[in-house]
file input-v6.csv (CSV, C-alpha atoms)
chain,number,residue,atom,x,y,z
A,1,MET,CA,0.0,0.0,0.0
A,2,GLU,CA,3.0,2.3,-0.2
A,3,LEU,CA,1.7,3.7,-3.5
A,4,PHE,CA,-1.2,5.3,-1.5
A,5,ASN,CA,1.2,6.6,1.2
A,6,SER,CA,3.4,8.8,-1.0
A,7,ALA,CA,2.8,12.2,-2.6
A,8,LEU,CA,4.9,13.9,-5.1
A,9,GLY,CA,7.7,11.4,-4.5
A,10,ARG,CA,7.8,12.1,-0.7
A,11,ASN,CA,6.9,9.5,1.9
A,12,ILE,CA,4.4,10.8,4.5
A,13,THR,CA,4.1,9.4,8.0
A,14,PHE,CA,0.6,8.5,9.1
A,15,VAL,CA,-0.6,7.7,12.6
A,16,HIS,CA,-2.1,4.2,12.6
A,17,PRO,CA,-3.6,2.7,15.7
A,18,GLU,CA,-2.5,-0.7,17.1
A,19,TYR,CA,-6.2,-1.8,16.9
A,20,PHE,CA,-9.8,-0.7,16.4
A,21,ILE,CA,-12.6,-1.4,18.9
A,22,ILE,CA,-15.8,-2.7,17.4
A,23,SER,CA,-18.6,-1.4,19.6
A,24,GLY,CA,-21.6,-3.2,18.1
A,25,LEU,CA,-25.1,-2.8,19.5
A,26,THR,CA,-25.2,-0.8,22.8
A,27,GLY,CA,-27.7,-0.5,25.5
A,28,ILE,CA,-29.7,-3.6,24.6
A,29,PRO,CA,-30.1,-6.3,27.3
A,30,ASN,CA,-29.4,-10.0,26.4
A,31,ILE,CA,-27.9,-8.9,23.1
A,32,LYS,CA,-25.8,-12.1,23.0
A,33,TYR,CA,-28.9,-14.0,21.9
A,34,TYR,CA,-28.9,-11.9,18.7
A,35,TYR,CA,-25.4,-13.1,17.9
A,36,ILE,CA,-26.4,-16.7,18.7
A,37,PHE,CA,-29.2,-16.2,16.1
A,38,PHE,CA,-26.5,-14.9,13.7
A,39,PHE,CA,-24.6,-18.2,14.2
A,40,PHE,CA,-27.6,-20.4,13.4
A,41,VAL,CA,-28.5,-18.3,10.3
A,42,TYR,CA,-24.8,-18.8,9.2
A,43,ILE,CA,-25.1,-22.6,9.6
A,44,VAL,CA,-28.3,-22.7,7.5
A,45,SER,CA,-26.6,-20.4,4.9
A,46,VAL,CA,-23.5,-22.7,4.7
A,47,LEU,CA,-25.7,-25.9,4.3
A,48,GLY,CA,-28.0,-24.3,1.7
A,49,ASN,CA,-25.3,-22.7,-0.5
A,50,THR,CA,-23.1,-25.7,-0.3
A,51,SER,CA,-26.1,-27.9,-1.4
A,52,VAL,CA,-26.8,-25.6,-4.4
A,53,MET,CA,-23.2,-25.6,-5.5
A,54,THR,CA,-23.0,-29.4,-5.1
A,55,ILE,CA,-26.3,-29.9,-7.2
A,56,ILE,CA,-24.9,-27.7,-10.0
A,57,CYS,CA,-21.6,-29.6,-10.0
A,58,LEU,CA,-23.2,-33.0,-10.0
A,59,ASP,CA,-26.0,-32.5,-12.6
A,60,HIS,CA,-24.7,-32.0,-16.1
A,61,ASN,CA,-28.1,-30.6,-17.1
A,62,LEU,CA,-27.3,-27.5,-15.0
A,63,ARG,CA,-24.1,-26.7,-16.8
A,64,THR,CA,-25.7,-23.7,-18.5
A,65,PRO,CA,-24.6,-20.0,-18.5
A,66,LYS,CA,-27.5,-19.1,-16.1
A,67,TYR,CA,-26.2,-21.6,-13.6
A,68,VAL,CA,-22.7,-20.3,-13.9
A,69,ALA,CA,-24.2,-17.1,-12.3
A,70,VAL,CA,-26.2,-19.0,-9.8
A,71,PHE,CA,-23.1,-21.0,-8.8
A,72,ASN,CA,-21.2,-17.8,-8.4
A,73,LEU,CA,-24.0,-16.3,-6.3
A,74,ALA,CA,-24.0,-19.3,-4.0
A,75,PHE,CA,-20.2,-19.1,-3.8
A,76,VAL,CA,-20.2,-15.4,-2.9
A,77,ASP,CA,-22.9,-16.0,-0.3
A,78,LEU,CA,-20.9,-18.8,1.3
A,79,PHE,CA,-17.6,-16.8,1.1
A,80,GLY,CA,-19.2,-13.6,2.4
A,81,SER,CA,-20.9,-15.2,5.3
A,82,SER,CA,-17.8,-17.1,6.2
A,83,ALA,CA,-15.7,-13.9,6.1
A,84,LEU,CA,-18.2,-12.0,8.3
A,85,VAL,CA,-20.1,-14.2,10.8
A,86,PRO,CA,-17.3,-16.2,12.5
A,87,LYS,CA,-15.4,-12.9,13.1
A,88,VAL,CA,-18.6,-11.2,14.5
A,89,ILE,CA,-19.2,-14.2,16.8
A,90,ASP,CA,-15.6,-14.0,18.0
A,91,ILE,CA,-15.9,-10.2,18.6
A,92,PHE,CA,-19.2,-10.2,20.5
A,93,LEU,CA,-19.8,-13.7,21.9
A,94,PHE,CA,-16.2,-14.4,22.9
A,95,ASN,CA,-15.6,-10.7,23.9
A,96,HIS,CA,-12.7,-9.8,21.6
A,97,PRO,CA,-13.8,-6.3,20.4
A,98,ASN,CA,-10.2,-5.2,19.8
A,99,VAL,CA,-9.3,-5.9,16.1
A,100,PRO,CA,-5.7,-5.3,15.0
A,101,TYR,CA,-5.3,-2.5,12.4
A,102,ARG,CA,-4.3,-4.7,9.5
A,103,ASP,CA,-6.8,-7.5,10.4
A,104,CYS,CA,-9.5,-4.8,10.4
A,105,LEU,CA,-8.6,-3.6,6.9
A,106,THR,CA,-8.5,-7.2,5.7
A,107,PHE,CA,-11.9,-7.8,7.3
A,108,LEU,CA,-13.3,-4.7,5.5
A,109,PHE,CA,-11.9,-5.8,2.2
A,110,PHE,CA,-13.5,-9.2,2.1
A,111,CYS,CA,-16.8,-8.1,3.5
A,112,TYR,CA,-17.2,-5.2,1.0
A,113,THR,CA,-15.9,-7.3,-2.0
A,114,CYS,CA,-18.6,-9.9,-1.3
A,115,LEU,CA,-21.3,-7.2,-0.8
A,116,CYS,CA,-20.4,-5.8,-4.2
A,117,MET,CA,-20.4,-9.2,-5.9
A,118,GLN,CA,-23.9,-10.0,-4.5
A,119,SER,CA,-25.2,-6.9,-6.3
A,120,PHE,CA,-23.3,-7.7,-9.5
A,121,ASN,CA,-24.5,-11.3,-9.5
A,122,LEU,CA,-28.1,-10.1,-9.5
A,123,VAL,CA,-27.3,-8.0,-12.6
A,124,ALA,CA,-25.9,-11.0,-14.4
A,125,LEU,CA,-29.1,-13.0,-13.6
A,126,ALA,CA,-31.3,-10.1,-14.7
A,127,TYR,CA,-29.4,-10.0,-18.1
A,128,ASP,CA,-29.9,-13.7,-18.5
A,129,ARG,CA,-33.7,-13.4,-17.9
A,130,LEU,CA,-33.9,-10.4,-20.2
A,131,VAL,CA,-32.3,-12.2,-23.2
A,132,ALA,CA,-34.1,-15.5,-22.4
A,133,ILE,CA,-37.5,-13.8,-22.5
A,134,ILE,CA,-37.1,-11.0,-25.1
A,135,PHE,CA,-34.7,-12.7,-27.5
A,136,PRO,CA,-35.3,-16.5,-27.0
A,137,LEU,CA,-34.1,-17.4,-30.5
A,138,HIS,CA,-30.8,-15.6,-29.9
A,139,TYR,CA,-30.3,-16.7,-26.3
A,140,GLY,CA,-27.8,-19.5,-27.2
A,141,VAL,CA,-25.7,-16.9,-29.2
A,142,LYS,CA,-25.9,-13.9,-26.8
A,143,VAL,CA,-25.6,-15.8,-23.5
A,144,THR,CA,-22.8,-18.3,-23.8
A,145,HIS,CA,-20.6,-19.9,-21.1
A,146,ARG,CA,-17.7,-17.7,-22.3
A,147,PHE,CA,-19.8,-14.5,-22.1
A,148,MET,CA,-21.1,-15.3,-18.6
A,149,LEU,CA,-17.7,-16.3,-17.3
A,150,SER,CA,-16.2,-13.1,-18.8
A,151,LEU,CA,-18.9,-11.0,-17.3
A,152,ILE,CA,-18.5,-12.5,-13.8
A,153,ALA,CA,-14.7,-12.2,-14.1
A,154,ALA,CA,-15.1,-8.5,-15.0
A,155,PHE,CA,-17.4,-8.0,-11.9
A,156,TRP,CA,-14.8,-9.7,-9.7
A,157,ALA,CA,-12.0,-7.6,-11.1
A,158,PHE,CA,-14.0,-4.4,-10.5
A,159,ALA,CA,-15.0,-5.4,-7.0
A,160,ILE,CA,-11.5,-6.3,-6.0
A,161,ILE,CA,-9.8,-3.2,-7.5
A,162,ALA,CA,-12.5,-0.9,-6.0
A,163,ASN,CA,-11.9,-2.3,-2.5
A,164,ILE,CA,-8.1,-2.3,-2.8
A,165,ILE,CA,-8.5,1.5,-3.5
A,166,THR,CA,-10.8,1.8,-0.5
A,167,VAL,CA,-8.3,0.0,1.8
A,168,GLY,CA,-5.4,1.9,0.3
A,169,LEU,CA,-7.0,5.3,1.0
A,170,ILE,CA,-7.7,4.3,4.6
A,171,THR,CA,-4.0,3.7,5.1
A,172,ARG,CA,-3.6,7.4,4.3
A,173,LEU,CA,-5.6,8.4,7.3
A,174,SER,CA,-4.2,9.2,10.8
A,175,PHE,CA,-6.2,8.3,13.9
A,176,CYS,CA,-5.3,10.6,16.8
A,177,GLU,CA,-8.2,10.2,19.2
A,178,SER,CA,-11.0,7.6,19.1
A,179,VAL,CA,-10.5,4.1,17.6
A,180,VAL,CA,-14.1,3.0,18.4
A,181,ILE,CA,-16.0,1.8,15.3
A,182,ASN,CA,-19.8,2.2,15.9
A,183,SER,CA,-20.7,-0.8,13.8
A,184,TYR,CA,-20.7,-4.6,13.9
A,185,PHE,CA,-17.7,-5.0,11.6
A,186,CYS,CA,-14.8,-2.8,10.2
A,187,ASP,CA,-17.2,-0.4,8.4
A,188,HIS,CA,-15.5,2.0,5.9
A,189,GLY,CA,-18.0,4.8,6.6
A,190,GLN,CA,-17.4,4.6,10.4
A,191,ILE,CA,-13.6,4.2,10.1
A,192,TYR,CA,-12.8,7.2,7.8
A,193,ARG,CA,-15.0,9.5,10.0
A,194,LEU,CA,-12.6,8.8,12.9
A,195,ALA,CA,-9.6,10.2,11.0
A,196,CYS,CA,-7.9,13.5,12.2
A,197,ASN,CA,-6.4,14.4,8.9
A,198,ASP,CA,-8.0,15.0,5.4
A,199,ASN,CA,-10.5,12.3,4.7
A,200,TYR,CA,-12.1,13.9,1.6
A,201,PRO,CA,-11.0,11.2,-0.9
A,202,ASN,CA,-12.6,8.6,1.4
A,203,TYR,CA,-15.8,10.7,1.6
A,204,VAL,CA,-15.9,10.9,-2.3
A,205,LEU,CA,-15.6,7.1,-2.4
A,206,SER,CA,-18.4,6.7,0.2
A,207,CYS,CA,-20.6,8.8,-2.1
A,208,LEU,CA,-19.5,7.2,-5.4
A,209,TYR,CA,-19.4,3.5,-4.6
A,210,PRO,CA,-23.1,3.2,-3.5
A,211,VAL,CA,-24.1,4.7,-6.8
A,212,LEU,CA,-21.9,2.3,-8.8
A,213,ILE,CA,-22.5,-0.8,-6.6
A,214,PHE,CA,-26.2,-0.4,-5.6
A,215,TRP,CA,-28.0,2.3,-7.6
A,216,VAL,CA,-26.7,1.5,-11.1
A,217,PRO,CA,-27.2,-2.3,-10.8
A,218,LEU,CA,-30.7,-1.7,-9.3
A,219,GLY,CA,-31.5,0.7,-12.1
A,220,PHE,CA,-30.5,-1.9,-14.7
A,221,ILE,CA,-32.5,-4.6,-13.1
A,222,LEU,CA,-35.6,-2.5,-12.8
A,223,LEU,CA,-35.3,-1.3,-16.4
A,224,SER,CA,-34.8,-4.9,-17.5
A,225,TYR,CA,-38.1,-6.0,-15.9
A,226,LEU,CA,-40.0,-3.0,-17.1
A,227,TYR,CA,-38.8,-3.8,-20.6
A,228,ILE,CA,-39.8,-7.5,-20.1
A,229,GLY,CA,-43.2,-6.5,-18.9
A,230,PHE,CA,-43.8,-4.0,-21.7
A,231,THR,CA,-42.7,-6.4,-24.4
A,232,LEU,CA,-44.8,-9.3,-23.0
A,233,SER,CA,-47.9,-7.1,-22.8
A,234,LYS,CA,-47.5,-6.3,-26.5
A,235,VAL,CA,-46.7,-9.7,-28.0
A,236,ALA,CA,-48.1,-12.3,-25.6
A,237,THR,CA,-51.4,-13.3,-24.1
A,238,VAL,CA,-52.0,-12.9,-20.4
A,239,GLN,CA,-51.4,-16.6,-19.8
A,240,GLU,CA,-48.2,-16.7,-21.9
A,241,GLY,CA,-47.0,-13.5,-20.2
A,242,LEU,CA,-47.6,-14.9,-16.7
A,243,LYS,CA,-45.9,-18.2,-17.6
A,244,ALA,CA,-42.8,-16.3,-18.9
A,245,PHE,CA,-42.8,-13.9,-15.9
A,246,LYS,CA,-43.0,-16.9,-13.5
A,247,THR,CA,-39.4,-17.8,-14.5
A,248,CYS,CA,-38.4,-14.4,-13.0
A,249,ILE,CA,-40.1,-14.7,-9.6
A,250,GLY,CA,-37.1,-16.3,-7.9
A,251,HIS,CA,-34.7,-13.5,-9.1
A,252,LEU,CA,-37.2,-10.7,-8.2
A,253,LEU,CA,-37.4,-12.1,-4.6
A,254,LEU,CA,-33.6,-12.1,-4.4
A,255,VAL,CA,-33.5,-8.5,-5.6
A,256,ALA,CA,-36.1,-7.4,-3.1
A,257,ILE,CA,-34.4,-9.2,-0.2
A,258,TYR,CA,-31.0,-7.7,-1.0
A,259,PHE,CA,-31.8,-4.1,-2.1
A,260,ILE,CA,-34.8,-3.0,0.0
A,261,PRO,CA,-33.0,-3.1,3.4
A,262,LEU,CA,-29.8,-1.5,2.0
A,263,LEU,CA,-31.7,1.3,0.3
A,264,MET,CA,-33.7,2.0,3.4
A,265,THR,CA,-30.6,2.2,5.5
A,266,PHE,CA,-28.6,4.4,3.1
A,267,THR,CA,-31.6,6.7,2.5
A,268,LEU,CA,-32.4,7.2,6.2
A,269,MET,CA,-28.7,7.0,7.4
A,270,GLU,CA,-28.8,10.2,9.4
A,271,LYS,CA,-32.3,9.8,10.7
A,272,ILE,CA,-32.3,6.3,12.2
A,273,HIS,CA,-30.8,5.2,15.5
A,274,PRO,CA,-27.3,3.7,15.3
A,275,ASN,CA,-28.6,0.4,16.8
A,276,ALA,CA,-31.3,0.3,14.1
A,277,ARG,CA,-28.7,0.9,11.4
A,278,ILE,CA,-26.5,-1.9,12.7
A,279,ILE,CA,-29.4,-4.4,13.0
A,280,ASN,CA,-30.6,-3.5,9.5
A,281,LEU,CA,-27.2,-3.8,7.9
A,282,SER,CA,-26.2,-7.0,9.8
A,283,LEU,CA,-29.5,-8.8,8.9
A,284,THR,CA,-28.9,-7.7,5.3
A,285,SER,CA,-25.5,-9.3,5.4
A,286,VAL,CA,-26.7,-12.7,6.7
A,287,ILE,CA,-30.4,-13.2,5.7
A,288,PRO,CA,-30.1,-13.0,1.9
A,289,PRO,CA,-27.3,-15.6,1.8
A,290,MET,CA,-29.5,-17.9,3.9
A,291,LEU,CA,-32.7,-17.3,1.8
A,292,ASN,CA,-31.1,-17.3,-1.7
A,293,PRO,CA,-30.6,-21.1,-1.9
A,294,ILE,CA,-34.0,-21.8,-0.4
A,295,ILE,CA,-35.7,-19.5,-2.9
A,296,TYR,CA,-33.8,-21.1,-5.8
A,297,VAL,CA,-34.7,-24.6,-4.7
A,298,LEU,CA,-38.3,-23.8,-4.2
A,299,GLN,CA,-38.8,-21.5,-7.2
A,300,THR,CA,-36.6,-22.9,-9.9
A,301,GLN,CA,-38.0,-26.0,-11.7
A,302,GLU,CA,-34.6,-27.1,-13.1
A,303,ILE,CA,-33.1,-27.4,-9.6
A,304,LYS,CA,-36.1,-29.2,-8.2
A,305,GLU,CA,-36.0,-31.7,-11.0
A,306,SER,CA,-32.2,-32.0,-10.6
A,307,LEU,CA,-32.6,-32.7,-6.9
A,308,LYS,CA,-35.3,-35.4,-7.6
A,309,ARG,CA,-32.9,-37.0,-10.2
A,310,LEU,CA,-30.0,-37.0,-7.7
A,311,LEU,CA,-32.1,-38.4,-4.9
A,312,LYS,CA,-33.5,-41.1,-7.3
A,313,ILE,CA,-29.9,-42.1,-8.3
A,314,ARG,CA,-28.9,-42.2,-4.7
A,315,ARG,CA,-31.8,-44.5,-3.8
A,316,LYS,CA,-31.0,-46.8,-6.7
A,317,SER,CA,-27.4,-47.0,-5.7
A,318,LYS,CA,-28.4,-47.9,-2.1
A,319,ILE,CA,-30.7,-50.6,-3.4
A,320,THR,CA,-28.0,-52.0,-5.6
A,321,MET,CA,-25.5,-52.0,-2.8
A,322,ALA,CA,-28.0,-53.7,-0.5
A,323,LYS,CA,-28.6,-56.5,-3.1
A,324,SER,CA,-24.9,-57.0,-3.7
A,325,ASN,CA,-24.3,-57.4,0.1
A,326,ILE,CA,-27.1,-60.0,0.3
A,327,MET,CA,-25.7,-62.0,-2.5
call {"tool": "encode", "arguments": {"input": "input-v6.csv", "output": "structure tokens"}}
result
Amino acid sequence: MELFNSALGRNITFVHPEYFIISGLTGIPNIKYYYIFFFFVYIVSVLGNTSVMTIICLDHNLRTPKYVAVFNLAFVDLFGSSALVPKVIDIFLFNHPNVPYRDCLTFLFFCYTCLCMQSFNLVALAYDRLVAIIFPLHYGVKVTHRFMLSLIAAFWAFAIIANIITVGLITRLSFCESVVINSYFCDHGQIYRLACNDNYPNYVLSCLYPVLIFWVPLGFILLSYLYIGFTLSKVATVQEGLKAFKTCIGHLLLVAIYFIPLLMTFTLMEKIHPNARIINLSLTSVIPPMLNPIIYVLQTQEIKESLKRLLKIRRKSKITMAKSNIM
């Protein structure tokens, strides 16, 4: 990070604390039960996302561009939950609120990278639905494995570079007084406000990134579905339109679960109590990764059929093994 800590060829000394203190929720009795709930949500998330990834890997019928994006969504949910929840449990249940400076920046990097990728994955799935419904005859040409892998790789590259810049700019900050972060993790917005030197570049990023990572993807998704709805109303009967739109229900539920709490929090940031902000953001971090695999299993016909096939194969193998043991 020395690139960020030099200006006009001169090295500058910054005051970095030995550690940050994560305050978490304050003034709430029996708050440890909330973090125990966190842990159980994490377990369900791990089991669900691992199951979805396993089903996609085992069933060759799901080796389609759409399920490349679904697999990546499950991977990001699993990775993001694993980066966040165990550390949160360690901080608040095992009473280790002091997080070393470098560990805190690493914690921030992985949490924000996964948060970005959740949004970008929903964009990839929205594009898949847009082409599948509006241009069904060109779907095989427009949405290929190569295209989907390239799109997801580009999203990963953007998320990683954006968060490297975020972490790099934090290393330019000096912390002379408080090191208490009023959040449940190493939150960029709370960290840069503690600085005692110029934090304007960090402020610019805190305004720019929500637009690029939340508002632009949400705008693309909403416009995609408006276009889908408008096109279906012109060329299809009501029954055909509902049948086509039914394939989008799972994705729309994911969009609502992910974006609504975040947008409420960012819109009302200065008006809501810090505890309400922490609860809202923390639930947004763990509830969607838990619900995403459940929604996809219940709403996606291909996954349900795949699960039935895999269970049927498993039963047949057990019967075959039992017969061979008897003989």
call {"tool": "atom_distance", "arguments": {"input": "input-v6.csv", "atom1": "atom CA of Asn30 of chain A", "atom2": "atom CA of Val88 of chain A"}}
result
16.1 Å
call {"tool": "residues_around", "arguments": {"input": "input-v6.csv", "residues": "Leu105 of chain A", "least_positions_apart": "2", "cutoff": "9 Å", "atoms": "all atoms listed in the file", "output": "list in words"}}
result
Pro100, Tyr101, Arg102, Asp103, Phe107, Leu108, Phe109, Phe110, Val167, Ile170, Thr171, Cys186 and His188 of chain A
call {"tool": "residues_around", "arguments": {"input": "input-v6.csv", "residues": "Ile181 of chain A", "least_positions_apart": "4", "cutoff": "7 Å", "atoms": "all atoms listed in the file", "output": "PyMOL selection string"}}
result
chain A and resi 20-23+186+190-191
call {"tool": "write_last_selection", "arguments": {"input": "input-v6.csv", "atoms": "C-alpha atoms", "output": "PDB file, in the frame of the given file"}}
result
ATOM      1  CA  PHE A  20      -9.800  -0.700  16.400  1.00  0.00           C
ATOM      2  CA  ILE A  21     -12.600  -1.400  18.900  1.00  0.00           C
ATOM      3  CA  ILE A  22     -15.800  -2.700  17.400  1.00  0.00           C
ATOM      4  CA  SER A  23     -18.600  -1.400  19.600  1.00  0.00           C
ATOM      5  CA  CYS A 186     -14.800  -2.800  10.200  1.00  0.00           C
ATOM      6  CA  GLN A 190     -17.400   4.600  10.400  1.00  0.00           C
ATOM      7  CA  ILE A 191     -13.600   4.200  10.100  1.00  0.00           C
TER       8      ILE A 191
END
call {"tool": "atom_distance", "arguments": {"input": "input-v6.csv", "atom1": "atom CA of Phe155 of chain A", "atom2": "atom CA of Met117 of chain A"}}
result
6.8 Å
call {"tool": "residues_around", "arguments": {"input": "input-v6.csv", "residues": "Phe71 of chain A", "least_positions_apart": "3", "cutoff": "8 Å", "atoms": "all atoms listed in the file", "output": "mmCIF file with C-alpha atoms, in the coordinates of the input"}}
result
data_model
loop_
_atom_site.group_PDB
_atom_site.id
_atom_site.type_symbol
_atom_site.label_atom_id
_atom_site.label_comp_id
_atom_site.auth_asym_id
_atom_site.auth_seq_id
_atom_site.Cartn_x
_atom_site.Cartn_y
_atom_site.Cartn_z
ATOM 1 C CA VAL A 52 -26.800 -25.600 -4.400
ATOM 2 C CA MET A 53 -23.200 -25.600 -5.500
ATOM 3 C CA ILE A 56 -24.900 -27.700 -10.000
ATOM 4 C CA TYR A 67 -26.200 -21.600 -13.600
ATOM 5 C CA VAL A 68 -22.700 -20.300 -13.900
ATOM 6 C CA ALA A 74 -24.000 -19.300 -4.000
ATOM 7 C CA PHE A 75 -20.200 -19.100 -3.800
#
call {"tool": "closest_residue", "arguments": {"input": "input-v6.csv", "among": "A:Asn98, A:Asn49, A:Ser224, A:Thr144", "to": "Arg63 of chain A", "atoms": "only C-alpha atoms"}}
result
A:Thr144
call {"tool": "atom_distance", "arguments": {"input": "input-v6.csv", "atom1": "atom CA of Asn163 of chain A", "atom2": "atom CA of Leu253 of chain A"}}
result
27.4 Å
call {"tool": "residues_around", "arguments": {"input": "input-v6.csv", "residues": "Pro261 of chain A", "least_positions_apart": "4", "cutoff": "8 Å", "atoms": "only C-alpha atoms", "output": "list of chain:residue names"}}
result
A:Ile257, A:Thr265, A:Asn280, A:Leu281, A:Thr284
call {"tool": "residues_around", "arguments": {"input": "input-v6.csv", "residues": "Tyr209 of chain A", "least_positions_apart": "5", "cutoff": "10 Å", "atoms": "all atoms listed in the file", "output": "PyMOL selection string"}}
result
chain A and resi 116+162-163+166+204+214-216
call {"tool": "closest_residue", "arguments": {"input": "input-v6.csv", "among": "A:Ser306, A:Ser174, A:Ser119, A:Ser82", "to": "Ser45 of chain A", "atoms": "all atoms listed in the file"}}
result
A:Ser82
call {"tool": "closest_residue", "arguments": {"input": "input-v6.csv", "among": "A:Cys104, A:Ile287, A:Ile165, A:Ile89", "to": "Tyr33 of chain A", "atoms": "only C-alpha atoms"}}
result
A:Ile89
call {"tool": "closest_residue", "arguments": {"input": "input-v6.csv", "among": "A:Gly241, A:Gly27, A:Pro289, A:Gly229", "to": "Ile43 of chain A", "atoms": "only C-alpha atoms"}}
result
A:Pro289
call {"tool": "closest_residue", "arguments": {"input": "input-v6.csv", "among": "A:Ile160, A:Ala124, A:Ile91, A:Leu310", "to": "Tyr112 of chain A", "atoms": "only C-alpha atoms"}}
result
A:Ile160
call {"tool": "closest_residue", "arguments": {"input": "input-v6.csv", "among": "A:Ala83, A:Val46, A:Met290, A:Leu226", "to": "Tyr258 of chain A", "atoms": "all atoms listed in the file"}}
result
A:Met290
